[in-house]
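*Asks:* To start, I am sharing the structure in question, which I have written as structure tokens.
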Amino acid sequence: MTKLAYHLLEQTRSNRPVALKPSRAHGTTHARPGAERESITHRPSQLVSPAIMAIGRFQICGGPGSKGPRPRPGNGCPIKPPFPSMARKILHLDMDAFFAAIEVLRRPELAGQPLVVGGRGDPNERGVVSTASYEARKYGIHSAMPLRTAHRLCPHAVFLPVDYREYSRVSAIIKDLLRRFSTSIEDAGIDEAYLDITESELPSEHIASAIKQQINQATGLTCSIGIGANKLLAKIASDLDKPNGLTILGEADLEKRVWPLPVRKLPGVGPKTDEKLKQMGLRTIGALAEQPMARLVEAFGQAHGRWLYEAARGIDERPLVTHWEPRSMSHETTFQRDVGDWQVLARTLTRLVRRVARELRQEGYVGRTVTVKLRYGDFETHTHEKTLEEPTADPDAVQRAALECFAHFPLEKEVRLIGVRVGDLHKALATHTTSIAAS
Ligand SMILES: [Mg+2]
């Protein structure tokens with residue numbers, strides 16, 4: 001923890017300290033009848049301000065010092081301890097219903113109502129749900145669901161258009177704030193981040209509480225934080241007590257808190273893997289942890305099988321990605337009504353190309369491959385790619401290539417979606433960037 005971060009944390013403390021208490025709702029975690037010892041390691045002697053208490057609910061389960069029984073899957077076969085060491089302390093932060101929460105801030109009258117943010121905010125149009133408020137989720141509405149389906153599930157929900165500009169603005173405030181707490185940060189999306197807090201001398205929950213409080217002060221929003229020995233466990237933890245949660249997963253918590261979860265809760269398990277695991281009779285992470293690696297590798301291939309084997313045991317050696325280079329930049333658009341007129345398609349493609357080229361230049365990249373994607377009304381999707389002689393960010397060069405690709409598509413059917421991607425990116429040389437910027 002840097003001096004600055006410590007100073008900020010000190011600021012969050014008030015003169016009237018109160019005892020740190022675990023969340024009552026999850027009290028069973030700490031007081032299992034017959035358990036040899038409680039896994040809670042942070043006694044009420046630790047003091048935090050009432051302000052912190054007001055923002056976060058605490059769930060502190062185990063920790064580096066706790067000595068719970070070694071995890072064993074249900075059939076009793078011993079497995080490798082999942083924590084080779086508590087060498088790392090990783091914090092995962094996830095904003096609560098981010099887009100919806102920002103909309104409620106702007107329009108307080110929407111508080112408590114089922115709210116769906118997606119597309120242009122019209123449930124009769126094409127588009128998917130970006131964020132549903134917690135009230136809307138009670139009706140079964142979730143992200144990536146078509147807006148029309150969401151409307152059917154909850155006709156009285158409020159539908160709002162996506163306002164990326166505003167969400168990005170708030171996101172930048174949050175990310176700036178996080179940099180006060182660690183220099184090692186992975187930006188995991190507009191409303192998510194991982195922080196490596198291993199170096200900090202302060203208890204994890206103090207850091208988490210300070211982050212929650214400062215985000216709330218700066219933006220009026222709440223977030224959920226999870227802390228674990230790696231990215232995988234931190235992410236699982238942040239999801240355990242949403243919204244406004246603070247969960248620390250220690251060594252003894254894998255068996256009690258992670259293994260009973262459905263396999264779908266494991267990062268990297270999507271609908272297809274979930275379905276396949278169900279067919280194999282594996283419904284919980286604990287059931288997955290009982291499987292020999294050979295069976296998983298046979299079913300899912302070397303890389304994915306290995307990941308499932310290790311993830312179910314809480315093992316994840318992935319480092320934080322604190323810096324990344326984009327591999328491609330792209331834009332696509334779905335038409336409100338399928339389009340058969342090739343001139344409309346070509347005009348749309350040109351507009352998308354200009355946008356991609358502008359972003360390439362803004363970010364200082366040049367690309368060598370241009371790909372055009374077309375999805376027909378029946379969802380059949382085709383792509384065509386052209387490799388350029390020289391990497392470029394020049395809109396005319398990209399446009400020429402894109403239109404050449406476009407000419408390869410049969411236009412016998414109406415088109416639902418069109419998109420363009422520039423890939424094989426390289427950092428533009430300074431002289432190149434300057435000449436383009438000047439043009
Ligand atoms: Mg979120």
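All residue names refer to the structure tokens as shown: chains lettered A, B, ... in order, residues numbered from 1 in each chain, ligands numbered from 1 in order.
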May I have a table of the residues of chain A lying at most 10 Å from ligand 1, giving each one's closest pair of atoms and their distance in Å to one decimal, counting only C-alpha atoms and all ligand atoms, ordered by chain and ascending residue number, as CSV?

*Replies:*
residue,atom,partner,partner_atom_place_in_ligand_line,distance
A:Leu93,CA,ligand 1,1 (Mg),8.4
A:Asp94,CA,ligand 1,1 (Mg),4.7
A:Met95,CA,ligand 1,1 (Mg),4.4
A:Asp96,CA,ligand 1,1 (Mg),5.0
A:Ala97,CA,ligand 1,1 (Mg),5.4
A:Phe98,CA,ligand 1,1 (Mg),5.6
A:Phe99,CA,ligand 1,1 (Mg),8.6
A:Thr131,CA,ligand 1,1 (Mg),8.5
A:Gly189,CA,ligand 1,1 (Mg),9.1
A:Ile190,CA,ligand 1,1 (Mg),8.5
A:Asp191,CA,ligand 1,1 (Mg),5.4
A:Glu192,CA,ligand 1,1 (Mg),6.5
A:Cys223,CA,ligand 1,1 (Mg),7.8
A:Ser224,CA,ligand 1,1 (Mg),8.3
A:Ser238,CA,ligand 1,1 (Mg),9.8
A:Asp239,CA,ligand 1,1 (Mg),9.2
A:Lys242,CA,ligand 1,1 (Mg),9.5
A:Pro243,CA,ligand 1,1 (Mg),9.4

*Asks:* If you count only C-alpha atoms, which residues fall within 7 Å of Lys235 in chain A, apart from same-chain ones fewer than 4 positions away, as an NGL selection string?

*Replies:* :A and (92 or 226 or 231 or 239)

*Asks:* Could the residues in this selection be saved with C-alpha atoms as a PDB file, in the first residue's frame?

*Replies:*
ATOM      1  CA  HIS A  92     -12.083  -8.317  -8.042  1.00  0.00           C
ATOM      2  CA  GLY A 226     -14.362 -10.348  -3.899  1.00  0.00           C
ATOM      3  CA  LYS A 231      -8.363 -14.042 -10.254  1.00  0.00           C
ATOM      4  CA  ASP A 239     -20.490 -12.697  -7.277  1.00  0.00           C
TER       5      ASP A 239
END

*Asks:* Mind pulling up the distance from CA of Leu147 in chain A to CA of Gly340 in chain A?

*Replies:*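 So the two atoms, CA of Gly340 in chain A and CA of Leu147 in chain A, lie 24.3 Å apart.
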
*Asks:* Near range 356-370 of chain A, within 12 Å and counting only C-alpha atoms, which residues show up once chain neighbours fewer than 4 positions away are dropped, as a ChimeraX atom specification?

*Replies:* /A:325-332,349-352,383-406,419-439

*Asks:* With C-alpha atoms kept, could you save the residues just selected as a tab-separated table (two decimals), in the first residue's frame?

*Replies:*
chain	number	residue	atom	x	y	z
A	325	GLU	CA	-2.62	-4.52	-27.24
A	326	PRO	CA	-5.77	-4.80	-29.30
A	327	ARG	CA	-5.65	-7.52	-31.94
A	328	SER	CA	-8.36	-5.97	-34.05
A	329	MET	CA	-10.82	-3.13	-34.17
A	330	SER	CA	-14.28	-3.54	-35.57
A	331	HIS	CA	-17.76	-2.13	-35.87
A	332	GLU	CA	-20.97	-3.76	-36.94
A	349	LEU	CA	-20.31	-0.40	-44.72
A	350	THR	CA	-18.53	2.83	-45.67
A	351	ARG	CA	-19.79	4.52	-42.52
A	352	LEU	CA	-18.53	1.60	-40.39
A	383	THR	CA	-17.16	-13.35	-43.87
A	384	HIS	CA	-14.65	-12.35	-46.48
A	385	GLU	CA	-11.12	-11.20	-45.71
A	386	LYS	CA	-8.47	-9.32	-47.65
A	387	THR	CA	-4.83	-8.94	-46.66
A	388	LEU	CA	-3.25	-5.63	-47.60
A	389	GLU	CA	0.29	-5.15	-48.91
A	390	GLU	CA	1.04	-2.64	-46.17
A	391	PRO	CA	-0.59	-2.15	-42.76
A	392	THR	CA	-2.67	1.00	-42.81
A	393	ALA	CA	-5.13	3.20	-40.96
A	394	ASP	CA	-5.98	5.17	-44.06
A	395	PRO	CA	-9.78	5.26	-44.43
A	396	ASP	CA	-9.64	5.15	-48.25
A	397	ALA	CA	-7.38	2.10	-48.30
A	398	VAL	CA	-9.55	0.29	-45.75
A	399	GLN	CA	-12.68	1.26	-47.64
A	400	ARG	CA	-11.32	-0.06	-50.96
A	401	ALA	CA	-10.47	-3.38	-49.32
A	402	ALA	CA	-13.83	-3.57	-47.55
A	403	LEU	CA	-15.78	-2.92	-50.74
A	404	GLU	CA	-13.72	-5.56	-52.54
A	405	CYS	CA	-14.68	-8.05	-49.84
A	406	PHE	CA	-18.30	-6.92	-50.05
A	419	GLY	CA	-19.74	-5.40	-40.01
A	420	VAL	CA	-16.10	-4.63	-40.73
A	421	ARG	CA	-12.97	-5.55	-38.80
A	422	VAL	CA	-9.38	-4.46	-39.25
A	423	GLY	CA	-6.95	-7.00	-37.81
A	424	ASP	CA	-3.27	-7.92	-37.62
A	425	LEU	CA	-2.67	-4.62	-35.84
A	426	HIS	CA	0.67	-3.01	-35.21
A	427	LYS	CA	1.59	0.19	-33.44
A	428	ALA	CA	1.86	2.90	-36.07
A	429	LEU	CA	5.32	4.39	-36.39
A	430	ALA	CA	5.53	7.94	-35.14
A	431	THR	CA	6.17	9.37	-38.60
A	432	HIS	CA	3.29	7.38	-40.01
A	433	THR	CA	0.91	8.58	-37.31
A	434	THR	CA	1.98	12.16	-37.83
A	435	SER	CA	1.48	12.02	-41.56
A	436	ILE	CA	-1.97	10.54	-41.11
A	437	ALA	CA	-2.87	13.00	-38.38
A	438	ALA	CA	-1.81	15.82	-40.66
A	439	SER	CA	-3.84	14.51	-43.58

*Asks:* Considering only C-alpha atoms, can you say which of A:Thr284, A:Thr183, A:Gln113, A:Ser204 comes closest to Val158 in chain A?

*Replies:*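 For Val158 in chain A, the nearest of the candidates is A:Gln113.
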
*Asks:* Just give me the gap between CA of Pro262 in chain A and CA of Leu288 in chain A in Å, one decimal is fine.

*Replies:*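 Between these atoms lies a distance of 9.8 Å.
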
*Asks:* Considering only C-alpha atoms, return as a list in words whatever protein or nucleic-acid residues lie within 9 Å of Arg264 in chain A, sequence-local ones (same chain, fewer than 6 positions apart) excluded.

*Replies:*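 The residues that qualify are Gly270, Pro271, Thr273, Asp274, Arg283, Thr284 and Ile285 of chain A.
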
*Asks:* Could you write out that same residue set with C-alpha atoms as a PDB file, in the first residue's frame?

*Replies:*
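Ended up saving to out.pdb:
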ATOM      1  CA  GLY A 270     -20.546 -21.116 -20.788  1.00  0.00           C
ATOM      2  CA  PRO A 271     -23.908 -22.571 -21.829  1.00  0.00           C
ATOM      3  CA  THR A 273     -19.865 -26.513 -21.429  1.00  0.00           C
ATOM      4  CA  ASP A 274     -22.640 -26.341 -18.844  1.00  0.00           C
ATOM      5  CA  ARG A 283     -23.892 -30.217 -11.749  1.00  0.00           C
ATOM      6  CA  THR A 284     -21.781 -28.641  -9.034  1.00  0.00           C
ATOM      7  CA  ILE A 285     -18.215 -27.366  -8.940  1.00  0.00           C
TER       8      ILE A 285
END

*Asks:* Can you pull out the residues contacting Glu199 in chain A? Cut-off 12 Å, using only C-alpha atoms, and skip same-chain residues under 4 positions away; I want them as a ChimeraX atom specification.

*Replies:* /A:1-2,87-90,181-184,195,203-204,207

*Asks:* Which residue out of A:Thr322, A:Ala208, A:Gly127, A:Leu374 has the minimum interatomic distance to Ser143 in chain A when only C-alpha atoms are used?

*Replies:*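 Nearest candidate to Ser143 in chain A out of A:Thr322, A:Ala208, A:Gly127, A:Leu374: A:Gly127.
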